[in-house]
file model.txt (compact mmCIF, C-alpha atoms)
# COMPACT_ATOMS: atom_id res chain seq x y z
CA MET H 146 191.79 56.18 -49.14
CA ASN H 147 195.30 55.03 -48.27
CA ALA H 148 198.23 57.40 -48.88
CA GLU H 149 200.53 56.41 -51.76
CA THR H 150 203.70 54.64 -50.61
CA THR H 151 207.09 55.76 -51.93
CA ALA H 152 207.33 52.57 -54.02
CA GLU H 153 203.88 53.23 -55.54
CA LEU H 154 204.79 56.87 -56.20
CA MET H 155 208.00 55.95 -58.03
CA ASN H 156 206.23 53.24 -60.02
CA ARG H 157 203.61 55.80 -61.11
CA LEU H 158 206.28 58.37 -62.07
CA GLY H 159 208.12 55.66 -64.02
CA GLN H 160 205.01 54.63 -65.97
CA GLN H 161 204.17 58.26 -66.75
CA ALA H 162 207.73 59.02 -67.87
CA LYS H 163 207.81 55.97 -70.16
CA ALA H 164 204.52 57.01 -71.81
CA ALA H 165 205.69 60.63 -72.14
CA SER H 166 209.04 59.57 -73.65
CA ALA H 167 207.27 58.00 -76.65
CA LEU H 168 205.47 61.30 -77.32
CA MET H 169 208.67 63.34 -76.83
CA ALA H 170 210.64 61.12 -79.22
CA ARG H 171 208.31 62.06 -82.06
CA ALA H 172 207.70 65.68 -81.02
CA SER H 173 208.41 68.25 -83.72
CA SER H 174 211.35 70.64 -83.42
CA ALA H 175 208.86 73.53 -83.38
CA ARG H 176 207.07 72.21 -80.29
CA LYS H 177 210.33 71.60 -78.41
CA VAL H 178 211.53 75.11 -79.28
CA ALA H 179 208.17 76.56 -78.19
CA ALA H 180 208.44 74.78 -74.81
CA LEU H 181 211.98 76.08 -74.23
CA ARG H 182 211.03 79.65 -75.14
CA ALA H 183 207.93 79.45 -72.94
CA LEU H 184 210.08 78.20 -70.05
CA ALA H 185 212.55 81.11 -70.49
CA ALA H 186 209.64 83.58 -70.40
CA LEU H 187 208.07 81.92 -67.33
CA LEU H 188 211.37 82.01 -65.44
CA ARG H 189 211.76 85.74 -66.08
CA ALA H 190 208.14 86.43 -65.15
CA ASN H 191 208.41 84.53 -61.85
CA ILE H 192 211.67 85.83 -60.35
CA GLU H 193 209.99 87.16 -57.18
CA PRO H 194 207.83 84.08 -56.41
CA LEU H 195 210.84 81.82 -57.10
CA GLN H 196 212.96 83.82 -54.66
CA LEU H 197 210.27 83.53 -51.97
CA ASP H 198 210.30 79.72 -52.29
CA ASN H 199 214.10 79.77 -52.42
CA ALA H 200 214.26 81.91 -49.24
CA ARG H 201 212.45 79.13 -47.32
CA ASP H 202 215.12 76.64 -48.45
CA LEU H 203 217.93 79.06 -47.53
CA GLN H 204 216.45 79.71 -44.09
CA ARG H 205 216.13 75.98 -43.41
CA ALA H 206 219.68 75.32 -44.67
CA ARG H 207 221.20 77.96 -42.38
CA ALA H 208 219.17 76.69 -39.43
CA ALA H 209 220.51 73.19 -40.14
CA GLY H 210 224.07 74.58 -39.99
CA LEU H 211 225.00 74.18 -43.66
CA SER H 212 228.33 75.86 -44.50
CA GLU H 213 228.20 79.16 -46.41
CA PRO H 214 229.63 77.66 -49.67
CA MET H 215 226.85 75.02 -49.52
CA VAL H 216 224.21 77.71 -48.83
CA ASP H 217 225.66 79.65 -51.78
CA ARG H 218 224.94 76.67 -54.05
CA LEU H 219 221.26 76.85 -53.06
CA LYS H 220 220.72 80.50 -54.01
CA LEU H 221 218.34 81.36 -56.84
CA SER H 222 219.47 84.93 -57.41
CA PRO H 223 217.98 86.96 -60.30
CA GLN H 224 221.31 86.39 -62.07
CA VAL H 225 221.07 82.60 -61.65
CA ILE H 226 217.47 82.62 -62.93
CA GLU H 227 218.47 84.79 -65.92
CA THR H 228 221.33 82.37 -66.75
CA CYS H 229 218.80 79.50 -66.70
CA ALA H 230 216.49 81.45 -69.04
CA GLU H 231 219.40 82.24 -71.38
CA GLY H 232 220.34 78.54 -71.37
CA CYS H 233 216.80 77.64 -72.50
CA GLU H 234 216.99 80.21 -75.31
CA GLN H 235 220.44 79.02 -76.36
CA LEU H 236 219.12 75.46 -76.59
CA ALA H 237 216.04 76.63 -78.50
CA ALA H 238 218.26 78.33 -81.09
CA MET H 239 220.46 75.27 -81.60
CA PRO H 240 219.77 72.82 -84.46
CA ASP H 241 217.64 69.80 -83.58
CA ILE H 242 219.93 66.78 -83.91
CA ILE H 243 217.23 64.16 -83.30
CA GLY H 244 216.67 62.08 -86.43
CA GLU H 245 219.84 63.20 -88.19
CA ILE H 246 221.58 60.44 -90.12
CA LEU H 247 225.35 60.22 -89.96
CA GLY H 248 227.92 58.48 -92.15
CA MET H 249 225.57 56.92 -94.72
CA LYS H 250 227.75 54.68 -96.94
CA GLN H 251 227.04 52.36 -99.84
CA GLN H 252 228.16 48.77 -99.23
CA PRO H 253 229.27 46.26 -101.92
CA SER H 254 225.97 44.41 -101.48
CA GLY H 255 224.04 47.52 -102.57
CA ILE H 256 222.63 48.41 -99.16
CA ARG H 257 223.38 51.82 -97.64
CA VAL H 258 224.29 51.86 -93.94
CA GLY H 259 224.33 54.86 -91.58
CA GLN H 260 223.47 55.84 -88.02
CA MET H 261 220.49 57.83 -86.81
CA ARG H 262 220.59 59.98 -83.66
CA VAL H 263 217.70 59.12 -81.32
CA PRO H 264 216.72 60.05 -77.74
CA ILE H 265 217.88 57.76 -74.93
CA GLY H 266 214.29 57.51 -73.63
CA VAL H 267 213.92 58.19 -69.90
CA PHE H 268 216.73 59.40 -67.68
CA GLY H 269 216.68 59.72 -63.93
CA MET H 270 218.64 62.63 -62.48
CA ILE H 271 219.68 62.67 -58.82
CA PHE H 272 221.31 65.87 -57.66
CA GLU H 273 222.15 67.83 -54.55
CA SER H 274 222.04 71.51 -53.67
CA ARG H 275 221.81 73.66 -56.80
CA PRO H 276 218.16 74.15 -57.80
CA ASN H 277 219.17 75.56 -61.20
CA VAL H 278 220.02 71.94 -62.14
CA THR H 279 216.24 71.37 -62.33
CA ILE H 280 216.07 73.79 -65.27
CA GLU H 281 219.29 72.58 -66.90
CA ALA H 282 218.10 68.97 -66.78
CA ALA H 283 214.55 69.81 -67.89
CA SER H 284 215.63 72.00 -70.81
CA LEU H 285 218.14 69.45 -72.08
CA SER H 286 215.56 66.70 -71.72
CA ILE H 287 213.07 68.68 -73.82
CA LYS H 288 215.61 69.55 -76.54
CA SER H 289 216.85 65.94 -76.79
CA GLY H 290 213.33 64.48 -77.00
CA ASN H 291 213.62 62.53 -73.75
CA ALA H 292 211.52 62.28 -70.62
CA CYS H 293 213.13 62.62 -67.19
CA ILE H 294 212.49 62.03 -63.51
CA LEU H 295 214.33 64.51 -61.30
CA ARG H 296 215.23 63.94 -57.66
CA GLY H 297 216.76 67.07 -56.12
CA GLY H 298 218.27 67.41 -52.66
CA SER H 299 215.94 67.81 -49.68
CA GLU H 300 217.66 71.13 -48.89
CA ALA H 301 216.23 72.66 -52.12
CA ILE H 302 212.79 70.99 -52.17
CA GLU H 303 210.71 74.21 -52.24
CA SER H 304 212.81 75.80 -55.00
CA ASN H 305 212.79 72.61 -57.07
CA LYS H 306 209.01 72.18 -56.79
CA ALA H 307 208.43 75.78 -57.92
CA LEU H 308 210.80 75.38 -60.89
CA ALA H 309 209.34 72.01 -61.93
CA GLN H 310 205.87 73.54 -61.92
CA LEU H 311 207.04 76.18 -64.42
CA VAL H 312 208.58 73.47 -66.61
CA GLN H 313 205.31 71.51 -66.73
CA GLN H 314 203.42 74.73 -67.52
CA ALA H 315 205.80 75.41 -70.44
CA LEU H 316 205.41 71.85 -71.77
CA GLU H 317 201.61 72.11 -71.70
CA GLN H 318 201.70 75.53 -73.41
CA ALA H 319 203.67 73.91 -76.26
CA GLY H 320 201.29 70.96 -76.56
CA LEU H 321 203.73 68.47 -75.04
CA PRO H 322 203.04 66.07 -72.13
CA ALA H 323 203.60 67.67 -68.70
CA GLU H 324 204.86 64.26 -67.47
CA ALA H 325 207.89 64.57 -69.78
CA VAL H 326 209.60 66.28 -66.82
CA GLN H 327 208.63 65.07 -63.35
CA LEU H 328 210.11 66.00 -59.99
CA VAL H 329 210.06 63.45 -57.18
CA PRO H 330 207.94 65.37 -54.66
CA THR H 331 209.18 63.57 -51.56
CA THR H 332 212.44 63.91 -49.61
CA ASP H 333 212.21 60.24 -48.57
CA ARG H 334 215.59 58.65 -49.37
CA GLU H 335 213.84 55.44 -50.37
CA ALA H 336 212.78 57.25 -53.58
CA VAL H 337 216.40 57.22 -54.79
CA GLY H 338 216.68 53.49 -54.13
CA GLN H 339 213.54 52.92 -56.21
CA LEU H 340 214.57 55.24 -59.06
CA ILE H 341 217.94 53.55 -59.63
CA THR H 342 216.41 50.05 -59.72
CA MET H 343 213.63 50.55 -62.31
CA PRO H 344 215.20 49.41 -65.62
CA GLN H 345 211.69 48.77 -66.95
CA TYR H 346 211.12 52.54 -66.97
CA VAL H 347 214.51 54.27 -66.68
CA ASP H 348 217.23 53.97 -69.33
CA VAL H 349 220.09 55.82 -67.61
CA ILE H 350 220.79 57.47 -64.24
CA ILE H 351 222.76 60.69 -63.96
CA PRO H 352 223.88 61.52 -60.41
CA ARG H 353 225.26 64.99 -59.69
CA GLY H 354 226.52 65.68 -56.21
CA GLY H 355 229.04 64.63 -53.60
CA LYS H 356 231.34 61.65 -53.90
CA GLY H 357 229.34 59.64 -51.33
CA LEU H 358 226.09 60.00 -53.27
CA ILE H 359 227.67 59.03 -56.59
CA GLU H 360 229.54 56.04 -55.14
CA ARG H 361 226.34 54.77 -53.54
CA ILE H 362 224.35 55.12 -56.77
CA SER H 363 227.09 53.51 -58.89
CA ARG H 364 227.17 50.59 -56.43
CA ASP H 365 223.41 50.01 -56.13
CA ALA H 366 221.99 50.98 -59.52
CA LYS H 367 220.43 48.39 -61.82
CA VAL H 368 220.42 50.98 -64.60
CA PRO H 369 223.51 52.36 -66.45
CA VAL H 370 225.06 55.41 -64.72
CA ILE H 371 226.78 58.48 -66.24
CA LYS H 372 228.89 59.79 -63.39
CA HIS H 373 231.59 62.05 -62.10
CA LEU H 374 232.89 61.44 -58.61
CA ASP H 375 234.57 64.76 -57.80
CA GLY H 376 236.39 67.74 -59.25
CA ASN H 377 240.01 67.84 -58.14
CA CYS H 378 241.02 70.28 -60.92
CA HIS H 379 244.59 71.48 -61.55
CA THR H 380 246.16 74.61 -62.98
CA TYR H 381 249.79 74.22 -64.05
CA VAL H 382 251.93 77.36 -64.46
CA ASP H 383 254.61 76.48 -67.00
CA ASP H 384 258.11 77.76 -67.66
CA PRO H 385 257.90 79.85 -69.86
CA CYS H 386 254.63 81.71 -69.28
CA ASP H 387 253.15 85.19 -69.23
CA ILE H 388 253.35 85.85 -65.47
CA ALA H 389 250.66 88.57 -65.38
CA MET H 390 248.23 86.35 -67.31
CA ALA H 391 249.08 83.35 -65.13
CA VAL H 392 248.28 85.35 -61.95
CA LYS H 393 244.97 86.54 -63.42
CA VAL H 394 243.90 83.04 -64.54
CA ALA H 395 245.09 81.21 -61.39
CA ASP H 396 243.19 83.78 -59.29
CA ASN H 397 239.96 83.35 -61.29
CA ALA H 398 240.25 79.55 -61.42
CA LYS H 399 240.32 79.38 -57.61
CA THR H 400 238.45 82.42 -56.26
CA GLN H 401 235.75 83.37 -58.78
CA LYS H 402 233.53 80.89 -56.91
CA TYR H 403 234.69 78.27 -54.41
CA SER H 404 231.75 75.84 -54.53
CA PRO H 405 231.69 74.53 -58.15
CA CYS H 406 233.34 71.29 -59.24
CA ASN H 407 235.39 73.14 -61.88
CA ALA H 408 237.20 75.44 -59.42
CA THR H 409 240.95 74.77 -59.31
CA GLU H 410 241.91 72.87 -56.15
CA SER H 411 245.61 72.33 -56.88
CA LEU H 412 248.19 74.73 -58.31
CA LEU H 413 251.36 73.29 -59.87
CA VAL H 414 254.20 75.72 -60.64
CA ALA H 415 257.32 75.07 -62.75
CA ARG H 416 260.51 75.56 -60.77
CA GLY H 417 261.85 78.07 -63.34
CA VAL H 418 259.04 80.59 -62.66
CA ALA H 419 258.20 79.77 -59.02
CA ALA H 420 260.29 82.56 -57.45
CA VAL H 421 258.57 85.21 -59.58
CA PHE H 422 255.05 83.78 -59.83
CA LEU H 423 254.38 82.45 -56.32
CA PRO H 424 254.83 85.75 -54.39
CA LYS H 425 252.40 87.44 -56.79
CA ILE H 426 249.65 84.79 -56.62
CA GLY H 427 250.37 84.34 -52.90
CA ALA H 428 249.60 88.03 -52.29
CA VAL H 429 246.28 87.67 -54.16
CA TYR H 430 245.29 84.55 -52.23
CA ALA H 431 246.37 86.13 -48.90
CA GLN H 432 244.20 89.17 -49.56
CA LYS H 433 241.20 86.92 -50.35
CA GLY H 434 241.75 84.66 -47.32
CA VAL H 435 242.68 81.55 -49.27
CA GLU H 436 244.58 78.98 -47.19
CA MET H 437 247.59 77.56 -49.05
CA ARG H 438 248.70 73.98 -48.38
CA CYS H 439 252.25 73.86 -49.65
CA CYS H 440 255.10 71.57 -50.55
CA PRO H 441 258.40 72.59 -48.82
CA GLN H 442 259.67 74.55 -51.86
CA SER H 443 256.50 76.57 -52.36
CA LYS H 444 256.20 77.20 -48.61
CA ALA H 445 259.74 78.62 -48.48
CA ILE H 446 258.89 81.12 -51.25
CA LEU H 447 255.39 81.98 -49.98
CA SER H 448 256.60 82.57 -46.40
CA GLN H 449 257.77 86.04 -47.59
CA VAL H 450 254.15 87.02 -48.41
CA PRO H 451 252.56 89.19 -45.67
CA GLY H 452 249.36 87.65 -44.24
CA ALA H 453 249.68 84.37 -46.17
CA GLN H 454 247.88 81.45 -44.49
CA LEU H 455 250.31 78.58 -45.03
CA LYS H 456 250.15 74.93 -44.02
CA ASP H 457 252.28 71.92 -44.92
CA ALA H 458 250.53 69.83 -47.59
CA THR H 459 249.87 66.19 -46.70
CA GLU H 460 249.67 63.37 -49.23
CA GLN H 461 245.87 63.60 -48.94
CA ASP H 462 245.92 67.25 -50.06
CA TRP H 463 247.05 66.31 -53.57
CA SER H 464 243.79 64.35 -54.06
CA GLU H 465 241.43 66.70 -52.22
CA GLU H 466 238.39 68.54 -53.61
CA TYR H 467 238.05 71.38 -51.07
CA LEU H 468 235.08 73.36 -52.46
CA ALA H 469 236.35 76.08 -50.12
CA ALA H 470 238.95 78.86 -49.85
CA ILE H 471 241.81 76.32 -49.73
CA ILE H 472 244.30 75.36 -52.44
CA SER H 473 247.22 72.93 -52.56
CA ILE H 474 250.44 74.25 -54.14
CA LYS H 475 253.39 72.25 -55.43
CA VAL H 476 256.57 73.23 -57.27
CA VAL H 477 257.41 70.77 -60.07
CA ALA H 478 260.45 70.45 -62.33
CA GLY H 479 258.46 71.15 -65.51
CA VAL H 480 255.73 69.93 -67.83
CA ASP H 481 256.60 66.20 -67.59
CA GLU H 482 256.36 66.16 -63.80
CA ALA H 483 253.19 68.27 -63.91
CA ILE H 484 251.49 65.80 -66.27
CA ALA H 485 252.60 62.81 -64.17
CA HIS H 486 251.30 64.48 -60.97
CA ILE H 487 247.94 65.34 -62.57
CA ASN H 488 247.40 61.87 -64.03
CA ARG H 489 248.16 60.35 -60.62
CA TYR H 490 246.06 62.60 -58.37
CA SER H 491 243.39 64.17 -60.56
CA SER H 492 239.76 63.07 -60.57
CA GLY H 493 239.79 63.37 -64.38
CA HIS H 494 237.59 66.48 -64.48
CA THR H 495 239.43 69.59 -65.79
CA GLU H 496 243.08 70.66 -66.01
CA ALA H 497 244.74 73.79 -67.44
CA ILE H 498 248.26 74.74 -68.52
CA LEU H 499 249.35 78.39 -68.57
CA THR H 500 252.25 78.63 -71.01
CA THR H 501 253.83 80.48 -73.92
CA ASP H 502 255.49 77.30 -75.24
CA HIS H 503 253.39 75.75 -78.05
CA ARG H 504 255.10 72.35 -77.74
CA HIS H 505 254.38 72.17 -74.00
CA ALA H 506 250.75 73.12 -74.67
CA GLN H 507 250.38 70.36 -77.29
CA GLN H 508 252.04 67.78 -75.01
CA PHE H 509 249.69 68.75 -72.15
CA LEU H 510 246.61 68.44 -74.39
CA ARG H 511 247.72 65.01 -75.66
CA GLU H 512 248.93 63.43 -72.43
CA VAL H 513 246.64 64.72 -69.65
CA ASP H 514 243.86 62.16 -69.21
CA SER H 515 240.92 64.33 -68.12
CA SER H 516 237.51 65.16 -69.59
CA SER H 517 238.48 68.80 -70.30
CA VAL H 518 242.04 70.00 -70.91
CA MET H 519 242.73 73.72 -71.37
CA VAL H 520 245.51 76.02 -72.52
CA ASN H 521 245.73 79.55 -71.07
CA ALA H 522 242.17 79.58 -69.70
CA SER H 523 240.49 79.27 -66.31
CA THR H 524 239.18 75.84 -65.31
CA ARG H 525 235.95 77.65 -64.35
CA PHE H 526 234.99 77.58 -68.05
CA ALA H 527 234.35 73.81 -67.88
CA ASP H 528 230.59 73.77 -68.09
CA GLY H 529 227.94 73.23 -70.73
CA PHE H 530 226.71 76.82 -70.89
CA GLU H 531 230.24 78.19 -71.45
CA TYR H 532 230.96 75.44 -74.01
CA GLY H 533 227.95 76.51 -76.07
CA LEU H 534 225.92 73.40 -75.24
CA GLY H 535 223.04 75.55 -73.94
CA ALA H 536 223.23 73.82 -70.58
CA GLU H 537 224.64 70.63 -69.14
CA ILE H 538 223.19 67.70 -67.31
CA GLY H 539 226.51 67.19 -65.53
CA ILE H 540 230.18 66.66 -66.25
CA SER H 541 231.05 63.06 -66.94
CA THR H 542 234.47 61.71 -66.01
CA ASP H 543 233.48 58.33 -67.48
CA LYS H 544 235.15 57.34 -70.73
CA PHE H 545 232.17 55.57 -72.31
CA HIS H 546 229.15 57.16 -73.97
CA ALA H 547 229.64 60.73 -72.71
CA ARG H 548 232.72 62.52 -71.37
CA GLY H 549 233.04 66.10 -70.14
CA PRO H 550 230.01 68.42 -70.00
CA VAL H 551 226.99 66.36 -71.05
CA GLY H 552 224.66 68.34 -73.33
CA VAL H 553 222.05 67.29 -75.89
CA GLU H 554 224.34 64.82 -77.71
CA GLY H 555 225.17 63.07 -74.43
CA LEU H 556 221.45 62.39 -73.94
CA THR H 557 221.10 60.66 -77.28
CA SER H 558 222.05 57.32 -78.73
CA LEU H 559 222.85 56.16 -82.25
CA LYS H 560 221.04 53.33 -83.97
CA TYR H 561 222.03 51.81 -87.30
CA VAL H 562 219.72 52.39 -90.24
CA VAL H 563 219.93 50.40 -93.46
CA LEU H 564 218.40 51.51 -96.78
CA GLY H 565 217.92 48.95 -99.53
CA GLU H 566 216.10 48.33 -102.78
CA GLY H 567 215.24 44.68 -102.40
CA GLU H 568 218.78 43.38 -101.71
CA VAL H 569 219.04 39.89 -100.22
CA ARG H 570 222.07 38.23 -98.70
CA GLY H 571 223.80 35.67 -100.89
call {"tool": "encode", "arguments": {"input": "model.txt", "output": "structure tokens"}}
result
Amino acid sequence: MNAETTAELMNRLGQQAKAASALMARASSARKVAALRALAALLRANIEPLQLDNARDLQRARAAGLSEPMVDRLKLSPQVIETCAEGCEQLAAMPDIIGEILGMKQQPSGIRVGQMRVPIGVFGMIFESRPNVTIEAASLSIKSGNACILRGGSEAIESNKALAQLVQQALEQAGLPAEAVQLVPTTDREAVGQLITMPQYVDVIIPRGGKGLIERISRDAKVPVIKHLDGNCHTYVDDPCDIAMAVKVADNAKTQKYSPCNATESLLVARGVAAVFLPKIGAVYAQKGVEMRCCPQSKAILSQVPGAQLKDATEQDWSEEYLAAIISIKVVAGVDEAIAHINRYSSGHTEAILTTDHRHAQQFLREVDSSSVMVNASTRFADGFEYGLGAEIGISTDKFHARGPVGVEGLTSLKYVVLGEGEVRG
């Protein structure tokens, strides 16, 4: 018997997902909750086997020369697995929004018109590195009554297969179709090309990874795409601000973890507080080995800091997503210049202002054009779990359909429903 080609494989996965999506769309809340709770229990019960599979991916990644921040993204630590389990339980506890009717209004003709929230159908998810995305995508797909086809990065293939197996086990335990969540089992790149050109089976594609991957998918897809290209996030330290708080938040926003897309990559500092703030944050960054790429003003102030790794910032630095122990630093006149700089160079992901001036905070919230805008908080909070969405499928910097962390609502659509009692149009 001939081996299945990649095209045949993807066609089969598409057909199975389409069939499963019809069953998921009418699945009861109780079954979806049961599947999510079963998945949380299975994750906790399989920490050791999951780590064994994960270790094979880590070993291969290091042998291939992947950088340590990239290897860090691959790790399935007990803490990461527990966060995934908690995300499933958080989703299980949330109200089921499928079938809810919004804005029902009586019209002069007598008909009543509203909108019903329904699943999108089938989504394809293409992601790199982090294997926990398999669980985030699967759990959100279950809660929103969709089916999904997941294509993880080749560097995490063993971890993703092991996780997907647990998902299918949980679905079957709850009496739902195992094919509601399918992982593409091959690392063949042709699978991605097939997945993004199957509008007969797939309703939307959600890529999550590097800029190159997302640009390629956006260019070649024959299916709508929910995307974010990169995370050049900014923290702006305002005049006036609480200096001690600003140091604490700017430290966390950059150094709590270097690899996520919500880590701050660019620090803007108001001229009025620069002389006080910069030496303090500079000392923190110097101690943690963070390289600072500076404008002339910030470099002059930071040059007093013992052990500071300083470089002159280039024009490119203002647009850069480093995902590493590097940050660009610029002194600005105040909130107007900060907003103008952010709206020019930002990727539209997440920006924060640290301030004690309510008017500046309100101006920043209104005028900064990004998917998440924060006051006196670390940009690292920009994710679905922290926003109470249970999990996220990604963070959209698009302006249509879904923007910011995409949770259950972002995986649904609204259709109009009309209730009548025999009305006809005159």
call {"tool": "atom_distance", "arguments": {"input": "model.txt", "atom1": "atom CA of Ala547 of chain H", "atom2": "atom CA of Ile350 of chain H"}}
result
12.7 Å
call {"tool": "residues_around", "arguments": {"input": "model.txt", "residues": "Tyr490 of chain H", "least_positions_apart": "6", "cutoff": "9 Å", "atoms": "all atoms listed in the file", "output": "PyMOL selection string"}}
result
chain H and resi 377+463-465
call {"tool": "atom_distance", "arguments": {"input": "model.txt", "atom1": "atom CA of Leu413 of chain H", "atom2": "atom CA of Ala527 of chain H"}}
result
18.8 Å
call {"tool": "closest_residue", "arguments": {"input": "model.txt", "among": "H:Gln327, H:Gln161, H:Ser289, H:Ser541", "to": "Cys406 of chain H", "atoms": "only C-alpha atoms"}}
result
H:Ser541
call {"tool": "residues_around", "arguments": {"input": "model.txt", "residues": "Ile243 of chain H", "least_positions_apart": "3", "cutoff": "7 Å", "atoms": "all atoms listed in the file", "output": "list of chain:residue names"}}
result
H:Arg262, H:Val263, H:Pro264, H:Ser289
call {"tool": "atom_distance", "arguments": {"input": "model.txt", "atom1": "atom CA of Asn488 of chain H", "atom2": "atom CA of Pro369 of chain H"}}
result
25.8 Å
call {"tool": "closest_residue", "arguments": {"input": "model.txt", "among": "H:Asp481, H:Glu324, H:Glu568, H:Asp375", "to": "Ile359 of chain H", "atoms": "all atoms listed in the file"}}
result
H:Asp375
call {"tool": "residues_around", "arguments": {"input": "model.txt", "residues": "Gly159 of chain H", "least_positions_apart": "6", "cutoff": "9 Å", "atoms": "all atoms listed in the file", "output": "PyMOL selection string"}}
result
chain H and resi 267+294+340+343+345-347
call {"tool": "closest_residue", "arguments": {"input": "model.txt", "among": "H:Leu328, H:Leu510, H:Ala301, H:Val225", "to": "Ala282 of chain H", "atoms": "all atoms listed in the file"}}
result
H:Leu328
call {"tool": "closest_residue", "arguments": {"input": "model.txt", "among": "H:Gln314, H:Gln454, H:Ser404, H:Asn156", "to": "Val329 of chain H", "atoms": "all atoms listed in the file"}}
result
H:Asn156
call {"tool": "closest_residue", "arguments": {"input": "model.txt", "among": "H:Ala148, H:Met390, H:Ala445, H:Val562", "to": "Gln260 of chain H", "atoms": "all atoms listed in the file"}}
result
H:Val562
call {"tool": "residues_around", "arguments": {"input": "model.txt", "residues": "Leu468 of chain H", "least_positions_apart": "6", "cutoff": "12 Å", "atoms": "only C-alpha atoms", "output": "list in words"}}
result
Ser212, Glu213, Pro214, Met215, Asp217, Arg218, Gly355, Asp375, Gly376, Asn377, Cys378, Lys399, Thr400, Gln401, Lys402, Tyr403, Ser404, Pro405, Cys406, Asn407, Ala408, Thr409, Glu410, Ser411 and Val435 of chain H
call {"tool": "write_last_selection", "arguments": {"input": "model.txt", "atoms": "C-alpha atoms", "output": "mmCIF file, in the coordinates of the input"}}
result
data_model
loop_
_atom_site.group_PDB
_atom_site.id
_atom_site.type_symbol
_atom_site.label_atom_id
_atom_site.label_comp_id
_atom_site.auth_asym_id
_atom_site.auth_seq_id
_atom_site.Cartn_x
_atom_site.Cartn_y
_atom_site.Cartn_z
ATOM 1 C CA SER H 212 228.330 75.860 -44.500
ATOM 2 C CA GLU H 213 228.200 79.160 -46.410
ATOM 3 C CA PRO H 214 229.630 77.660 -49.670
ATOM 4 C CA MET H 215 226.850 75.020 -49.520
ATOM 5 C CA ASP H 217 225.660 79.650 -51.780
ATOM 6 C CA ARG H 218 224.940 76.670 -54.050
ATOM 7 C CA GLY H 355 229.040 64.630 -53.600
ATOM 8 C CA ASP H 375 234.570 64.760 -57.800
ATOM 9 C CA GLY H 376 236.390 67.740 -59.250
ATOM 10 C CA ASN H 377 240.010 67.840 -58.140
ATOM 11 C CA CYS H 378 241.020 70.280 -60.920
ATOM 12 C CA LYS H 399 240.320 79.380 -57.610
ATOM 13 C CA THR H 400 238.450 82.420 -56.260
ATOM 14 C CA GLN H 401 235.750 83.370 -58.780
ATOM 15 C CA LYS H 402 233.530 80.890 -56.910
ATOM 16 C CA TYR H 403 234.690 78.270 -54.410
ATOM 17 C CA SER H 404 231.750 75.840 -54.530
ATOM 18 C CA PRO H 405 231.690 74.530 -58.150
ATOM 19 C CA CYS H 406 233.340 71.290 -59.240
ATOM 20 C CA ASN H 407 235.390 73.140 -61.880
ATOM 21 C CA ALA H 408 237.200 75.440 -59.420
ATOM 22 C CA THR H 409 240.950 74.770 -59.310
ATOM 23 C CA GLU H 410 241.910 72.870 -56.150
ATOM 24 C CA SER H 411 245.610 72.330 -56.880
ATOM 25 C CA VAL H 435 242.680 81.550 -49.270
#
call {"tool": "closest_atom_pairs", "arguments": {"input": "model.txt", "of": "segment 312-386 of chain H", "to": "segment 537-540 of chain H", "cutoff": "10 Å", "atoms": "all atoms listed in the file", "output": "Markdown table"}}
result
| residue | atom | partner | partner_atom | distance |
| --- | --- | --- | --- | --- |
| H:Ile351 | CA | H:Gly539 | CA | 7.7 |
| H:Pro352 | CA | H:Gly539 | CA | 8.1 |
| H:Arg353 | CA | H:Gly539 | CA | 6.4 |
| H:Gly354 | CA | H:Gly539 | CA | 9.4 |
| H:Ile371 | CA | H:Gly539 | CA | 8.7 |
| H:Lys372 | CA | H:Ile540 | CA | 7.6 |
| H:His373 | CA | H:Ile540 | CA | 6.4 |
| H:Leu374 | CA | H:Ile540 | CA | 9.6 |
| H:Asp375 | CA | H:Ile540 | CA | 9.7 |
| H:Gly376 | CA | H:Ile540 | CA | 9.4 |
call {"tool": "residues_near_point", "arguments": {"input": "model.txt", "point": "(235.3, 63.9, -70.7)", "cutoff": "8 Å", "atoms": "all atoms listed in the file", "output": "ChimeraX atom specification"}}
result
/H:493-494,515-517,540-544,547-550
call {"tool": "write_last_selection", "arguments": {"input": "model.txt", "atoms": "C-alpha atoms", "output": "mmCIF file, in the coordinates of the input"}}
result
data_model
loop_
_atom_site.group_PDB
_atom_site.id
_atom_site.type_symbol
_atom_site.label_atom_id
_atom_site.label_comp_id
_atom_site.auth_asym_id
_atom_site.auth_seq_id
_atom_site.Cartn_x
_atom_site.Cartn_y
_atom_site.Cartn_z
ATOM 1 C CA GLY H 493 239.790 63.370 -64.380
ATOM 2 C CA HIS H 494 237.590 66.480 -64.480
ATOM 3 C CA SER H 515 240.920 64.330 -68.120
ATOM 4 C CA SER H 516 237.510 65.160 -69.590
ATOM 5 C CA SER H 517 238.480 68.800 -70.300
ATOM 6 C CA ILE H 540 230.180 66.660 -66.250
ATOM 7 C CA SER H 541 231.050 63.060 -66.940
ATOM 8 C CA THR H 542 234.470 61.710 -66.010
ATOM 9 C CA ASP H 543 233.480 58.330 -67.480
ATOM 10 C CA LYS H 544 235.150 57.340 -70.730
ATOM 11 C CA ALA H 547 229.640 60.730 -72.710
ATOM 12 C CA ARG H 548 232.720 62.520 -71.370
ATOM 13 C CA GLY H 549 233.040 66.100 -70.140
ATOM 14 C CA PRO H 550 230.010 68.420 -70.000
#
call {"tool": "closest_residue", "arguments": {"input": "model.txt", "among": "H:Arg525, H:Ala175, H:Lys425, H:Arg334", "to": "Ala391 of chain H", "atoms": "only C-alpha atoms"}}
result
H:Lys425
call {"tool": "residues_around", "arguments": {"input": "model.txt", "residues": "segment 417-424 of chain H", "least_positions_apart": "5", "cutoff": "10 Å", "atoms": "only C-alpha atoms", "output": "PyMOL selection string"}}
result
chain H and resi 382-389+391-392+429-430+442-451+453+474-479
